[in-house]
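Novice: This is start24.cif (mmCIF, C-alpha atoms).
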data_my_file
loop_
_atom_site.group_PDB
_atom_site.id
_atom_site.type_symbol
_atom_site.label_atom_id
_atom_site.label_comp_id
_atom_site.auth_asym_id
_atom_site.auth_seq_id
_atom_site.Cartn_x
_atom_site.Cartn_y
_atom_site.Cartn_z
ATOM 1 C CA MET A 142 1.750 31.969 81.624
ATOM 2 C CA SER A 143 -0.187 32.652 78.419
ATOM 3 C CA SER A 144 -1.695 36.069 77.785
ATOM 4 C CA PRO A 145 -5.495 36.313 77.445
ATOM 5 C CA ARG A 146 -6.840 35.725 73.928
ATOM 6 C CA PRO A 147 -8.464 38.629 72.062
ATOM 7 C CA LEU A 148 -11.884 36.989 72.321
ATOM 8 C CA GLU A 149 -11.566 36.786 76.117
ATOM 9 C CA ILE A 150 -10.541 40.432 76.303
ATOM 10 C CA HIS A 151 -13.459 41.356 74.070
ATOM 11 C CA ALA A 152 -15.921 39.358 76.209
ATOM 12 C CA HIS A 153 -14.539 40.982 79.347
ATOM 13 C CA ALA A 154 -14.881 44.477 77.866
ATOM 14 C CA THR A 155 -18.445 43.760 76.749
ATOM 15 C CA SER A 156 -19.308 42.414 80.183
ATOM 16 C CA ASN A 157 -17.781 45.501 81.839
ATOM 17 C CA LEU A 158 -19.765 47.868 79.605
ATOM 18 C CA ARG A 159 -22.965 45.956 80.397
ATOM 19 C CA PHE A 160 -22.160 46.117 84.122
ATOM 20 C CA ILE A 161 -21.568 49.882 83.906
ATOM 21 C CA ARG A 162 -24.828 50.468 82.030
ATOM 22 C CA GLU A 163 -26.873 48.302 84.416
ATOM 23 C CA THR A 164 -25.335 49.899 87.493
ATOM 24 C CA MET A 165 -26.065 53.377 86.175
ATOM 25 C CA GLU A 166 -29.649 52.402 85.389
ATOM 26 C CA ARG A 167 -30.178 50.919 88.853
ATOM 27 C CA ALA A 168 -28.504 53.932 90.507
ATOM 28 C CA SER A 169 -31.067 56.209 88.843
ATOM 29 C CA THR A 170 -33.998 54.206 90.211
ATOM 30 C CA PHE A 171 -36.191 55.603 92.971
ATOM 31 C CA THR A 172 -36.533 52.809 95.527
ATOM 32 C CA ALA A 173 -38.073 54.676 98.462
ATOM 33 C CA VAL A 174 -41.623 53.785 97.380
ATOM 34 C CA PRO A 175 -43.670 53.447 100.551
ATOM 35 C CA GLY A 176 -44.931 49.887 101.003
ATOM 36 C CA TRP A 177 -46.488 50.056 104.465
ATOM 37 C CA GLY A 178 -47.465 53.667 103.784
ATOM 38 C CA GLY A 179 -49.302 52.508 100.651
ATOM 39 C CA ALA A 180 -51.063 49.783 102.637
ATOM 40 C CA LEU A 181 -52.135 52.382 105.209
ATOM 41 C CA MET A 182 -53.445 54.596 102.392
ATOM 42 C CA GLY A 183 -55.429 51.569 101.251
ATOM 43 C CA LEU A 184 -56.984 51.129 104.699
ATOM 44 C CA VAL A 185 -57.985 54.809 104.719
ATOM 45 C CA ALA A 186 -59.594 54.342 101.292
ATOM 46 C CA LEU A 187 -61.502 51.268 102.470
ATOM 47 C CA ALA A 188 -62.775 53.309 105.423
ATOM 48 C CA ALA A 189 -63.858 56.093 103.027
ATOM 49 C CA CYS A 190 -65.600 53.553 100.818
ATOM 50 C CA GLY A 191 -67.427 52.116 103.835
ATOM 51 C CA LEU A 192 -68.367 55.586 105.059
ATOM 52 C CA CYS A 193 -69.807 56.499 101.671
ATOM 53 C CA GLN A 194 -72.121 53.484 101.907
ATOM 54 C CA VAL A 195 -73.768 54.892 105.041
ATOM 55 C CA VAL A 196 -73.694 58.698 104.630
ATOM 56 C CA THR A 197 -75.911 60.801 102.376
ATOM 57 C CA PRO A 198 -74.967 60.115 98.725
ATOM 58 C CA SER A 199 -74.324 63.830 98.141
ATOM 59 C CA LEU A 200 -71.408 63.657 100.585
ATOM 60 C CA TRP A 201 -69.424 60.989 98.713
ATOM 61 C CA LEU A 202 -67.189 63.496 96.929
ATOM 62 C CA SER A 203 -66.350 65.310 100.185
ATOM 63 C CA VAL A 204 -65.535 62.006 101.880
ATOM 64 C CA TRP A 205 -63.215 60.932 99.047
ATOM 65 C CA LEU A 206 -61.590 64.388 98.851
ATOM 66 C CA GLY A 207 -60.831 64.144 102.581
ATOM 67 C CA CYS A 208 -59.498 60.633 102.030
ATOM 68 C CA GLY A 209 -57.311 61.901 99.185
ATOM 69 C CA MET A 210 -55.797 64.669 101.318
ATOM 70 C CA LEU A 211 -55.130 62.271 104.186
ATOM 71 C CA SER A 212 -53.627 59.663 101.866
ATOM 72 C CA LEU A 213 -51.395 62.250 100.205
ATOM 73 C CA SER A 214 -50.065 63.240 103.633
ATOM 74 C CA ILE A 215 -49.550 59.591 104.621
ATOM 75 C CA GLY A 216 -47.756 58.836 101.336
ATOM 76 C CA THR A 217 -45.489 61.878 101.644
ATOM 77 C CA LEU A 218 -44.606 61.133 105.265
ATOM 78 C CA ALA A 219 -43.971 57.477 104.413
ATOM 79 C CA ILE A 220 -41.581 58.457 101.591
ATOM 80 C CA VAL A 221 -39.744 60.915 103.857
ATOM 81 C CA GLU A 222 -39.427 58.261 106.569
ATOM 82 C CA LYS A 223 -38.258 55.560 104.147
ATOM 83 C CA CYS A 224 -35.692 57.931 102.626
ATOM 84 C CA ARG A 225 -34.454 58.847 106.123
ATOM 85 C CA ARG A 226 -34.178 55.182 107.110
ATOM 86 C CA ARG A 227 -32.262 54.275 103.942
ATOM 87 C CA GLY A 228 -30.077 57.379 104.029
ATOM 88 C CA THR A 229 -31.427 58.447 100.612
ATOM 89 C CA PRO A 230 -31.604 62.193 99.933
ATOM 90 C CA LEU A 231 -35.158 63.380 99.239
ATOM 91 C CA ASP A 232 -33.871 65.351 96.272
ATOM 92 C CA SER A 233 -31.977 62.466 94.668
ATOM 93 C CA PRO A 234 -32.251 62.314 90.854
ATOM 94 C CA GLY A 235 -34.408 59.183 91.120
ATOM 95 C CA ALA A 236 -36.815 60.887 93.534
ATOM 96 C CA ARG A 237 -36.993 63.985 91.335
ATOM 97 C CA ARG A 238 -37.781 61.938 88.243
ATOM 98 C CA PHE A 239 -40.402 59.965 90.163
ATOM 99 C CA ALA A 240 -42.067 63.191 91.369
ATOM 100 C CA LEU A 241 -41.933 64.778 87.913
ATOM 101 C CA GLY A 242 -43.591 61.721 86.410
ATOM 102 C CA PHE A 243 -46.143 61.297 89.190
ATOM 103 C CA ALA A 244 -47.351 64.875 89.729
ATOM 104 C CA PRO A 245 -48.613 66.086 86.300
ATOM 105 C CA PRO A 246 -51.481 63.556 85.971
ATOM 106 C CA LEU A 247 -52.551 64.419 89.534
ATOM 107 C CA VAL A 248 -52.600 68.144 88.736
ATOM 108 C CA ALA A 249 -54.589 67.410 85.582
ATOM 109 C CA GLY A 250 -56.958 65.298 87.690
ATOM 110 C CA ALA A 251 -57.529 68.170 90.145
ATOM 111 C CA VAL A 252 -58.352 70.606 87.323
ATOM 112 C CA LEU A 253 -60.608 68.106 85.542
ATOM 113 C CA THR A 254 -62.396 67.278 88.818
ATOM 114 C CA ALA A 255 -63.250 70.964 89.302
ATOM 115 C CA ALA A 256 -64.502 71.143 85.702
ATOM 116 C CA PHE A 257 -66.525 67.898 85.961
ATOM 117 C CA VAL A 258 -68.167 69.033 89.222
ATOM 118 C CA SER A 259 -69.036 72.466 87.860
ATOM 119 C CA PHE A 260 -70.632 70.892 84.760
ATOM 120 C CA GLY A 261 -72.541 68.277 86.774
ATOM 121 C CA LEU A 262 -70.453 65.334 85.592
ATOM 122 C CA GLU A 263 -69.590 63.974 89.070
ATOM 123 C CA ARG A 264 -70.455 60.428 88.026
ATOM 124 C CA PHE A 265 -67.295 60.335 85.905
ATOM 125 C CA VAL A 266 -65.041 61.461 88.776
ATOM 126 C CA PRO A 267 -64.281 57.929 90.118
ATOM 127 C CA GLY A 268 -63.134 56.801 86.666
ATOM 128 C CA LEU A 269 -61.162 59.996 86.169
ATOM 129 C CA TRP A 270 -59.378 59.702 89.514
ATOM 130 C CA LEU A 271 -58.510 56.030 89.116
ATOM 131 C CA LEU A 272 -57.330 56.520 85.542
ATOM 132 C CA LEU A 273 -55.179 59.588 86.220
ATOM 133 C CA TYR A 274 -53.789 58.298 89.529
ATOM 134 C CA GLY A 275 -52.874 55.110 87.705
ATOM 135 C CA THR A 276 -51.238 57.144 84.944
ATOM 136 C CA GLY A 277 -49.181 59.029 87.553
ATOM 137 C CA VAL A 278 -48.118 55.775 89.177
ATOM 138 C CA VAL A 279 -47.122 54.322 85.790
ATOM 139 C CA THR A 280 -45.179 57.391 84.637
ATOM 140 C CA GLY A 281 -43.507 57.994 88.018
ATOM 141 C CA GLY A 282 -42.986 54.271 88.408
ATOM 142 C CA THR A 283 -40.964 54.153 85.206
ATOM 143 C CA PHE A 284 -38.123 55.462 87.393
ATOM 144 C CA SER A 285 -38.829 53.083 90.241
ATOM 145 C CA VAL A 286 -38.955 49.372 90.963
ATOM 146 C CA ARG A 287 -40.813 47.271 88.385
ATOM 147 C CA ILE A 288 -43.836 46.519 90.554
ATOM 148 C CA VAL A 289 -44.851 50.204 90.756
ATOM 149 C CA PRO A 290 -45.881 50.679 87.095
ATOM 150 C CA LEU A 291 -47.705 47.346 87.342
ATOM 151 C CA MET A 292 -49.737 48.757 90.222
ATOM 152 C CA GLY A 293 -50.473 51.826 88.082
ATOM 153 C CA ILE A 294 -51.831 49.646 85.294
ATOM 154 C CA CYS A 295 -54.274 48.046 87.772
ATOM 155 C CA PHE A 296 -55.563 51.523 88.660
ATOM 156 C CA GLN A 297 -55.881 52.414 84.989
ATOM 157 C CA VAL A 298 -57.908 49.280 84.243
ATOM 158 C CA LEU A 299 -60.260 49.993 87.164
ATOM 159 C CA GLY A 300 -60.528 53.623 85.997
ATOM 160 C CA ALA A 301 -61.503 52.567 82.497
ATOM 161 C CA VAL A 302 -64.108 50.195 83.937
ATOM 162 C CA ALA A 303 -65.456 52.935 86.246
ATOM 163 C CA LEU A 304 -65.893 55.389 83.373
ATOM 164 C CA PHE A 305 -68.295 53.044 81.577
ATOM 165 C CA ALA A 306 -69.878 51.283 84.578
ATOM 166 C CA PRO A 307 -73.124 52.502 86.160
ATOM 167 C CA ALA A 308 -72.635 55.480 88.524
ATOM 168 C CA SER A 309 -73.578 53.361 91.535
ATOM 169 C CA TYR A 310 -70.416 51.261 91.039
ATOM 170 C CA GLY A 311 -68.120 54.301 91.369
ATOM 171 C CA ASN A 312 -67.675 54.123 95.132
ATOM 172 C CA LEU A 313 -67.010 50.388 95.124
ATOM 173 C CA LEU A 314 -64.502 50.628 92.278
ATOM 174 C CA MET A 315 -62.641 53.393 94.120
ATOM 175 C CA GLY A 316 -62.639 51.189 97.202
ATOM 176 C CA ALA A 317 -61.250 48.327 95.132
ATOM 177 C CA GLY A 318 -58.571 50.548 93.556
ATOM 178 C CA PHE A 319 -57.471 52.997 96.223
ATOM 179 C CA GLY A 320 -58.197 50.425 98.930
ATOM 180 C CA LEU A 321 -57.449 46.866 97.868
ATOM 181 C CA VAL A 322 -54.866 47.571 95.147
ATOM 182 C CA HIS A 323 -52.925 49.859 97.505
ATOM 183 C CA ILE A 324 -52.997 47.279 100.287
ATOM 184 C CA ALA A 325 -52.024 44.325 98.080
ATOM 185 C CA PHE A 326 -49.153 46.095 96.307
ATOM 186 C CA GLY A 327 -48.157 47.942 99.480
ATOM 187 C CA VAL A 328 -47.571 44.684 101.335
ATOM 188 C CA VAL A 329 -45.545 43.237 98.429
ATOM 189 C CA ILE A 330 -43.452 46.419 98.104
ATOM 190 C CA ALA A 331 -42.860 46.508 101.866
ATOM 191 C CA ARG A 332 -41.689 42.890 101.894
ATOM 192 C CA ARG A 333 -39.507 43.091 98.796
ATOM 193 C CA HIS A 334 -38.192 46.625 99.029
ATOM 194 C CA GLY A 335 -37.595 47.341 102.683
ATOM 195 C CA GLY A 336 -40.757 48.779 104.190
ATOM 196 C CA MET B 81 -22.809 64.397 84.040
ATOM 197 C CA GLY B 82 -26.038 64.073 82.061
ATOM 198 C CA ALA B 83 -24.226 63.945 78.742
ATOM 199 C CA LEU B 84 -21.917 61.251 80.012
ATOM 200 C CA LYS B 85 -24.861 59.145 81.184
ATOM 201 C CA LYS B 86 -26.679 59.620 77.890
ATOM 202 C CA GLN B 87 -23.577 58.507 76.027
ATOM 203 C CA ILE B 88 -23.364 55.303 78.031
ATOM 204 C CA LEU B 89 -27.041 54.397 78.238
ATOM 205 C CA ALA B 90 -27.838 55.179 74.660
ATOM 206 C CA ARG B 91 -24.815 53.934 72.827
ATOM 207 C CA PRO B 92 -22.183 51.850 74.563
ATOM 208 C CA GLU B 93 -20.446 50.909 71.358
ATOM 209 C CA GLY B 94 -19.067 53.215 68.714
ATOM 210 C CA ALA B 95 -15.596 54.285 69.787
ATOM 211 C CA SER B 96 -13.368 54.866 66.803
ATOM 212 C CA GLU B 97 -10.400 52.820 65.738
ATOM 213 C CA THR B 98 -8.310 55.833 66.624
ATOM 214 C CA ALA B 99 -9.487 55.412 70.183
ATOM 215 C CA ALA B 100 -8.540 51.751 70.014
ATOM 216 C CA ARG B 101 -5.035 52.611 68.902
ATOM 217 C CA SER B 102 -4.573 55.415 71.388
ATOM 218 C CA ALA B 103 -6.292 53.774 74.357
ATOM 219 C CA PRO B 104 -4.042 54.059 77.392
ATOM 220 C CA ASP B 105 -3.221 51.161 79.681
ATOM 221 C CA LEU B 106 -6.100 50.024 81.839
ATOM 222 C CA ASP B 107 -6.535 52.037 85.002
ATOM 223 C CA ARG B 108 -6.042 49.390 87.681
ATOM 224 C CA VAL B 109 -7.848 51.510 90.280
ATOM 225 C CA ILE B 110 -11.039 51.369 88.228
ATOM 226 C CA HIS B 111 -10.541 47.911 86.726
ATOM 227 C CA GLU B 112 -12.158 46.154 89.670
ATOM 228 C CA ARG B 113 -15.887 45.366 89.870
ATOM 229 C CA VAL B 114 -16.774 47.107 93.144
ATOM 230 C CA ARG B 115 -14.780 50.242 92.349
ATOM 231 C CA LEU B 116 -16.167 50.280 88.811
ATOM 232 C CA GLY B 117 -19.646 49.962 90.334
ATOM 233 C CA ILE B 118 -19.043 52.884 92.695
ATOM 234 C CA LEU B 119 -17.830 55.118 89.860
ATOM 235 C CA SER B 120 -20.716 54.060 87.574
ATOM 236 C CA ALA B 121 -23.265 54.848 90.289
ATOM 237 C CA LEU B 122 -21.675 58.231 90.979
ATOM 238 C CA ALA B 123 -21.605 58.986 87.256
ATOM 239 C CA ALA B 124 -25.397 58.525 87.217
ATOM 240 C CA ASN B 125 -26.056 60.485 90.431
ATOM 241 C CA THR B 126 -24.393 63.681 91.595
ATOM 242 C CA THR B 127 -24.003 62.293 95.103
ATOM 243 C CA MET B 128 -24.761 58.998 96.803
ATOM 244 C CA THR B 129 -24.627 58.027 100.450
ATOM 245 C CA PHE B 130 -22.745 55.074 101.864
ATOM 246 C CA SER B 131 -26.073 53.291 102.540
ATOM 247 C CA GLU B 132 -27.296 53.860 98.983
ATOM 248 C CA LEU B 133 -24.075 52.536 97.465
ATOM 249 C CA LYS B 134 -24.098 49.530 99.788
ATOM 250 C CA ALA B 135 -27.702 48.666 98.862
ATOM 251 C CA LEU B 136 -27.087 49.240 95.160
ATOM 252 C CA LEU B 137 -23.940 47.132 94.929
ATOM 253 C CA GLU B 138 -25.138 44.558 97.479
ATOM 254 C CA ILE B 139 -21.860 44.414 99.364
ATOM 255 C CA THR B 140 -20.823 44.561 103.007
ATOM 256 C CA ASP B 141 -19.887 47.721 104.907
ATOM 257 C CA GLY B 142 -16.259 46.620 105.124
ATOM 258 C CA ASN B 143 -15.970 45.798 101.437
ATOM 259 C CA LEU B 144 -17.473 49.132 100.415
ATOM 260 C CA SER B 145 -15.279 51.041 102.867
ATOM 261 C CA VAL B 146 -12.095 49.469 101.528
ATOM 262 C CA HIS B 147 -12.903 50.132 97.877
ATOM 263 C CA ALA B 148 -14.283 53.617 98.464
ATOM 264 C CA ARG B 149 -11.095 54.474 100.349
ATOM 265 C CA LYS B 150 -8.980 53.324 97.378
ATOM 266 C CA LEU B 151 -10.965 55.604 95.093
ATOM 267 C CA GLU B 152 -10.552 58.449 97.578
ATOM 268 C CA ASP B 153 -6.805 57.843 97.764
ATOM 269 C CA ALA B 154 -6.640 57.984 93.956
ATOM 270 C CA GLY B 155 -8.499 61.305 94.056
ATOM 271 C CA TYR B 156 -11.406 59.890 92.039
ATOM 272 C CA VAL B 157 -14.107 60.442 94.664
ATOM 273 C CA VAL B 158 -14.538 62.682 97.678
ATOM 274 C CA CYS B 159 -16.437 61.793 100.808
ATOM 275 C CA HIS B 160 -18.304 64.353 102.869
ATOM 276 C CA LYS B 161 -19.056 63.168 106.396
ATOM 277 C CA SER B 162 -21.815 64.727 108.456
ATOM 278 C CA PHE B 163 -24.490 63.869 111.000
ATOM 279 C CA GLU B 164 -28.209 63.622 110.350
ATOM 280 C CA ASN B 165 -30.482 63.073 113.348
ATOM 281 C CA ARG B 166 -27.341 62.143 115.297
ATOM 282 C CA LEU B 167 -26.543 59.388 112.812
ATOM 283 C CA PRO B 168 -23.298 59.550 110.799
ATOM 284 C CA ARG B 169 -23.791 60.119 107.103
ATOM 285 C CA SER B 170 -21.119 59.699 104.411
ATOM 286 C CA GLU B 171 -21.873 61.220 101.046
ATOM 287 C CA TYR B 172 -19.716 60.402 98.031
ATOM 288 C CA ARG B 173 -19.193 62.485 94.925
ATOM 289 C CA LEU B 174 -17.161 61.981 91.737
ATOM 290 C CA THR B 175 -14.257 64.415 91.344
ATOM 291 C CA PRO B 176 -13.258 65.927 87.955
ATOM 292 C CA PRO B 177 -10.197 63.593 87.749
ATOM 293 C CA GLY B 178 -12.501 60.709 88.675
ATOM 294 C CA LYS B 179 -14.892 61.635 85.887
ATOM 295 C CA GLU B 180 -11.991 61.872 83.420
ATOM 296 C CA ALA B 181 -10.609 58.510 84.511
ATOM 297 C CA PHE B 182 -14.057 56.920 84.193
ATOM 298 C CA GLU B 183 -14.518 58.355 80.702
ATOM 299 C CA ARG B 184 -11.048 57.152 79.725
ATOM 300 C CA TYR B 185 -11.852 53.666 81.004
ATOM 301 C CA LEU B 186 -15.125 53.644 79.066
ATOM 302 C CA ALA B 187 -13.362 54.730 75.889
ATOM 303 C CA HIS B 188 -10.850 51.938 76.431
ATOM 304 C CA MET B 189 -13.589 49.314 76.824
ATOM 305 C CA GLU B 190 -15.477 50.637 73.797
ATOM 306 C CA ALA B 191 -12.290 50.640 71.747
ATOM 307 C CA ILE B 192 -11.646 46.977 72.593
ATOM 308 C CA VAL B 193 -15.199 46.038 71.583
ATOM 309 C CA ASP B 194 -15.002 48.064 68.376
ATOM 310 C CA ALA B 195 -11.594 46.683 67.453
ATOM 311 C CA MET B 196 -12.888 43.138 67.816
ATOM 312 C CA LYS B 197 -15.977 43.914 65.743
ATOM 313 C CA THR B 198 -13.797 45.392 63.012
ATOM 314 C CA SER B 199 -11.447 42.406 62.976
ATOM 315 C CA LEU B 200 -14.408 39.985 62.821
ATOM 316 C CA ARG B 201 -15.837 41.837 59.819
ATOM 317 C CA LYS B 202 -12.568 41.529 57.898
#
Take the structure from the file and write it as structure tokens.

Specialist:
Amino acid sequence: MSSPRPLEIHAHATSNLRFIRETMERASTFTAVPGWGGALMGLVALAACGLCQVVTPSLWLSVWLGCGMLSLSIGTLAIVEKCRRRGTPLDSPGARRFALGFAPPLVAGAVLTAAFVSFGLERFVPGLWLLLYGTGVVTGGTFSVRIVPLMGICFQVLGAVALFAPASYGNLLMGAGFGLVHIAFGVVIARRHGG
Amino acid sequence: MGALKKQILARPEGASETAARSAPDLDRVIHERVRLGILSALAANTTMTFSELKALLEITDGNLSVHARKLEDAGYVVCHKSFENRLPRSEYRLTPPGKEAFERYLAHMEAIVDAMKTSLRK
């Protein structure tokens, strides 16, 4: 029996190193992104959008703030449930990196919202929310499955549009982003990544 | 563990010729795809559950059990069994000897690659 040639050994070593690197990269990925939870958040946003069309215009911010709180709770519960189902610790390195990437733009958004409201710049809030939520999804999604940052980019595009569109489009653009984008990507994530 | 990961993700090649000359014989416990996958995953994460490893490596329960047991027998990983919501939970962790063996194996692979690059340049 002939011994393996140096080139074969070299190819095998290269392949092993690539396998190690890819496995380590995949092991660091946060996969417990809530698909169905995201779709449910989208339905809540569509309801908020519809509600804003019928209530007094001055109440739109309160309606969307309520929607945001509810969606945050739904998203958190959905992540906890998905982690529990998959046997993934909530404090896994992937989850921590996802949270650290996702949270800062949201905190910045909360502070900027307070500033915008106090200076009478509410019309820019829809664009601000979509843009910063999208930024959080992109940065957090860097440590998750590939579709997540793509979803974030959709939010960012809608946010940029909302910032320059007439104020009356704000509610509809938030409905399109927080509603339709969440539902569309949520269903895909649920189907491809286990719920 | 962070430094080890950085070393691998950032720069897989670069082991010295000295390493090539002094590289020990291949560790047969590690030199198998599934077991190498388990060690690589545990080098990137402090702990991983049985379910996580199974999903990551896309293998069956039985296959993972067999290979994880071999790594346990070699003292390269430890398994902590517990119950969560009445469901059994097995959590794996790399041991210090396991980390050393993994680093040694990496150095060996890098040395082979570097040695070949050097010989091709000559």

Novice: Pick out the chain A residues within 8 Å of chain B. Count all atoms listed in the file. Give them as a list of chain:residue names.

Specialist: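 The complete set of qualifying residues is A:Pro147, A:Leu148, A:Ile150, A:His151, A:Ala154, A:Thr155, A:Asn157, A:Leu158, A:Phe160, A:Ile161, A:Arg162, A:Thr164, A:Met165, A:Glu166, A:Arg167, A:Ala168, A:Ser169, A:Arg227, A:Gly228, A:Thr229, A:Ser233, A:Pro234.
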
Novice: I need the residue nearest Gly183 of chain A from this list: A:Gly318, A:Pro198, A:Pro245, A:Gly275. Use all atoms listed in the file for the distance.

Specialist: A:Gly318

Novice: Run the PyMOL selection byres ((chain A and resi 319) around 9) mentally over the shown coordinates, then write out the matched residues as a list in words, using the chain letters and numbers from the document.

Specialist: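 Applying the PyMOL selection byres ((chain A and resi 319) around 9) to the structure shown produces Met182, Gly183, Leu184, Val185, Ala186, Leu187, Leu271, Phe296, Leu314, Met315, Gly316, Ala317, Gly318, Gly320, Leu321, Val322, His323 and Ile324 of chain A.
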
Novice: Please provide as a list in words all residues within 9 Å of Glu222 of chain A, with the sequence filter that same-chain residues fewer than 4 positions apart are discarded (counting all atoms listed in the file).

Specialist: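 My reading of the contact set: Ala173, Pro175, Thr217, Leu218, Arg226 and Arg227 of chain A.
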
Novice: Considering only C-alpha atoms, can you say which of A:Gln297, A:Ser259, A:Thr170, A:Thr254 comes closest to Leu272 of chain A?

Specialist: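 The answer is A:Gln297, which sits nearest to Leu272 of chain A.
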
Novice: Go ahead and compute the interatomic distance for atom CA of Leu106 of chain B and atom CA of Lys150 of chain B, in Å to one decimal.

Specialist: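 These two atoms are separated by 16.1 Å.
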
Novice: Give me, please, the distance in Å between atom CA of Gly327 of chain A and atom CA of Tyr274 of chain A, quoted to one decimal.

Specialist: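 Here the two named atoms are 15.4 Å from each other.
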
Novice: What is the distance between atom CA of Phe305 of chain A and atom CA of Trp201 of chain A, in Å to one decimal?

Specialist: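 It comes out at 18.9 Å.
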
Novice: Going by the chain IDs and residue numbers used in this file, which residues fall under the PyMOL selection byres ((chain A and resi 239) around 10)? Write them as a VMD selection string.

Specialist: chain A and resid 170 to 172 174 233 to 238 240 to 244 277 to 285

Novice: Rank A:Ser309, A:Leu206, A:Pro290, A:Pro230 by their smallest atom-to-atom distance to Trp270 of chain A, using all atoms listed in the file, and report the top residue only.

Specialist: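 Looking at the shortest contact to Trp270 of chain A, the residue is A:Leu206.
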
Novice: Any chance you could work out the residue set of the PyMOL selection byres ((chain B and resi 180) around 12) here, as a CSV table (one decimal) with C-alpha atoms, in the coordinates of the input?

Specialist:
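To be explicit, this is the file written out as result-v6.csv:
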chain,number,residue,atom,x,y,z
B,81,MET,CA,-22.8,64.4,84.0
B,84,LEU,CA,-21.9,61.3,80.0
B,107,ASP,CA,-6.5,52.0,85.0
B,110,ILE,CA,-11.0,51.4,88.2
B,119,LEU,CA,-17.8,55.1,89.9
B,123,ALA,CA,-21.6,59.0,87.3
B,155,GLY,CA,-8.5,61.3,94.1
B,156,TYR,CA,-11.4,59.9,92.0
B,157,VAL,CA,-14.1,60.4,94.7
B,174,LEU,CA,-17.2,62.0,91.7
B,175,THR,CA,-14.3,64.4,91.3
B,176,PRO,CA,-13.3,65.9,88.0
B,177,PRO,CA,-10.2,63.6,87.7
B,178,GLY,CA,-12.5,60.7,88.7
B,179,LYS,CA,-14.9,61.6,85.9
B,181,ALA,CA,-10.6,58.5,84.5
B,182,PHE,CA,-14.1,56.9,84.2
B,183,GLU,CA,-14.5,58.4,80.7
B,184,ARG,CA,-11.0,57.2,79.7
B,185,TYR,CA,-11.9,53.7,81.0
B,186,LEU,CA,-15.1,53.6,79.1
B,187,ALA,CA,-13.4,54.7,75.9

Novice: Complete segment 222-236 of chain A with N, CA and C atoms (output as a compact mmCIF listing (two decimals), keeping the file's coordinate frame).

Specialist:
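Dumped to rebuild-v4.txt:
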# COMPACT_ATOMS: atom_id res chain seq x y z
N GLU A 222 -39.93 59.19 105.55
CA GLU A 222 -39.43 58.26 106.57
C GLU A 222 -38.57 57.16 105.95
N LYS A 223 -39.03 56.64 104.80
CA LYS A 223 -38.26 55.56 104.15
C LYS A 223 -36.92 56.10 103.65
N CYS A 224 -36.95 57.31 103.08
CA CYS A 224 -35.69 57.93 102.63
C CYS A 224 -34.74 58.12 103.81
N ARG A 225 -35.29 58.59 104.94
CA ARG A 225 -34.45 58.85 106.12
C ARG A 225 -33.83 57.53 106.61
N ARG A 226 -34.65 56.48 106.64
CA ARG A 226 -34.18 55.18 107.11
C ARG A 226 -33.09 54.62 106.21
N ARG A 227 -33.22 54.83 104.91
CA ARG A 227 -32.26 54.28 103.94
C ARG A 227 -31.10 55.20 103.68
N GLY A 228 -31.15 56.41 104.26
CA GLY A 228 -30.08 57.38 104.03
C GLY A 228 -30.10 57.93 102.62
N THR A 229 -31.29 57.94 101.98
CA THR A 229 -31.43 58.45 100.61
C THR A 229 -31.85 59.91 100.65
N PRO A 230 -31.15 60.79 99.94
CA PRO A 230 -31.60 62.19 99.93
C PRO A 230 -32.97 62.31 99.26
N LEU A 231 -33.81 63.18 99.81
CA LEU A 231 -35.16 63.38 99.24
C LEU A 231 -35.10 63.99 97.84
N ASP A 232 -33.99 64.70 97.58
CA ASP A 232 -33.87 65.35 96.27
C ASP A 232 -32.93 64.58 95.35
N SER A 233 -32.84 63.27 95.56
CA SER A 233 -31.98 62.47 94.67
C SER A 233 -32.57 62.49 93.26
N PRO A 234 -31.74 62.28 92.23
CA PRO A 234 -32.25 62.31 90.85
C PRO A 234 -33.41 61.35 90.65
N GLY A 235 -33.34 60.16 91.25
CA GLY A 235 -34.41 59.18 91.12
C GLY A 235 -35.72 59.72 91.70
N ALA A 236 -35.62 60.34 92.88
CA ALA A 236 -36.82 60.89 93.53
C ALA A 236 -37.40 62.03 92.71
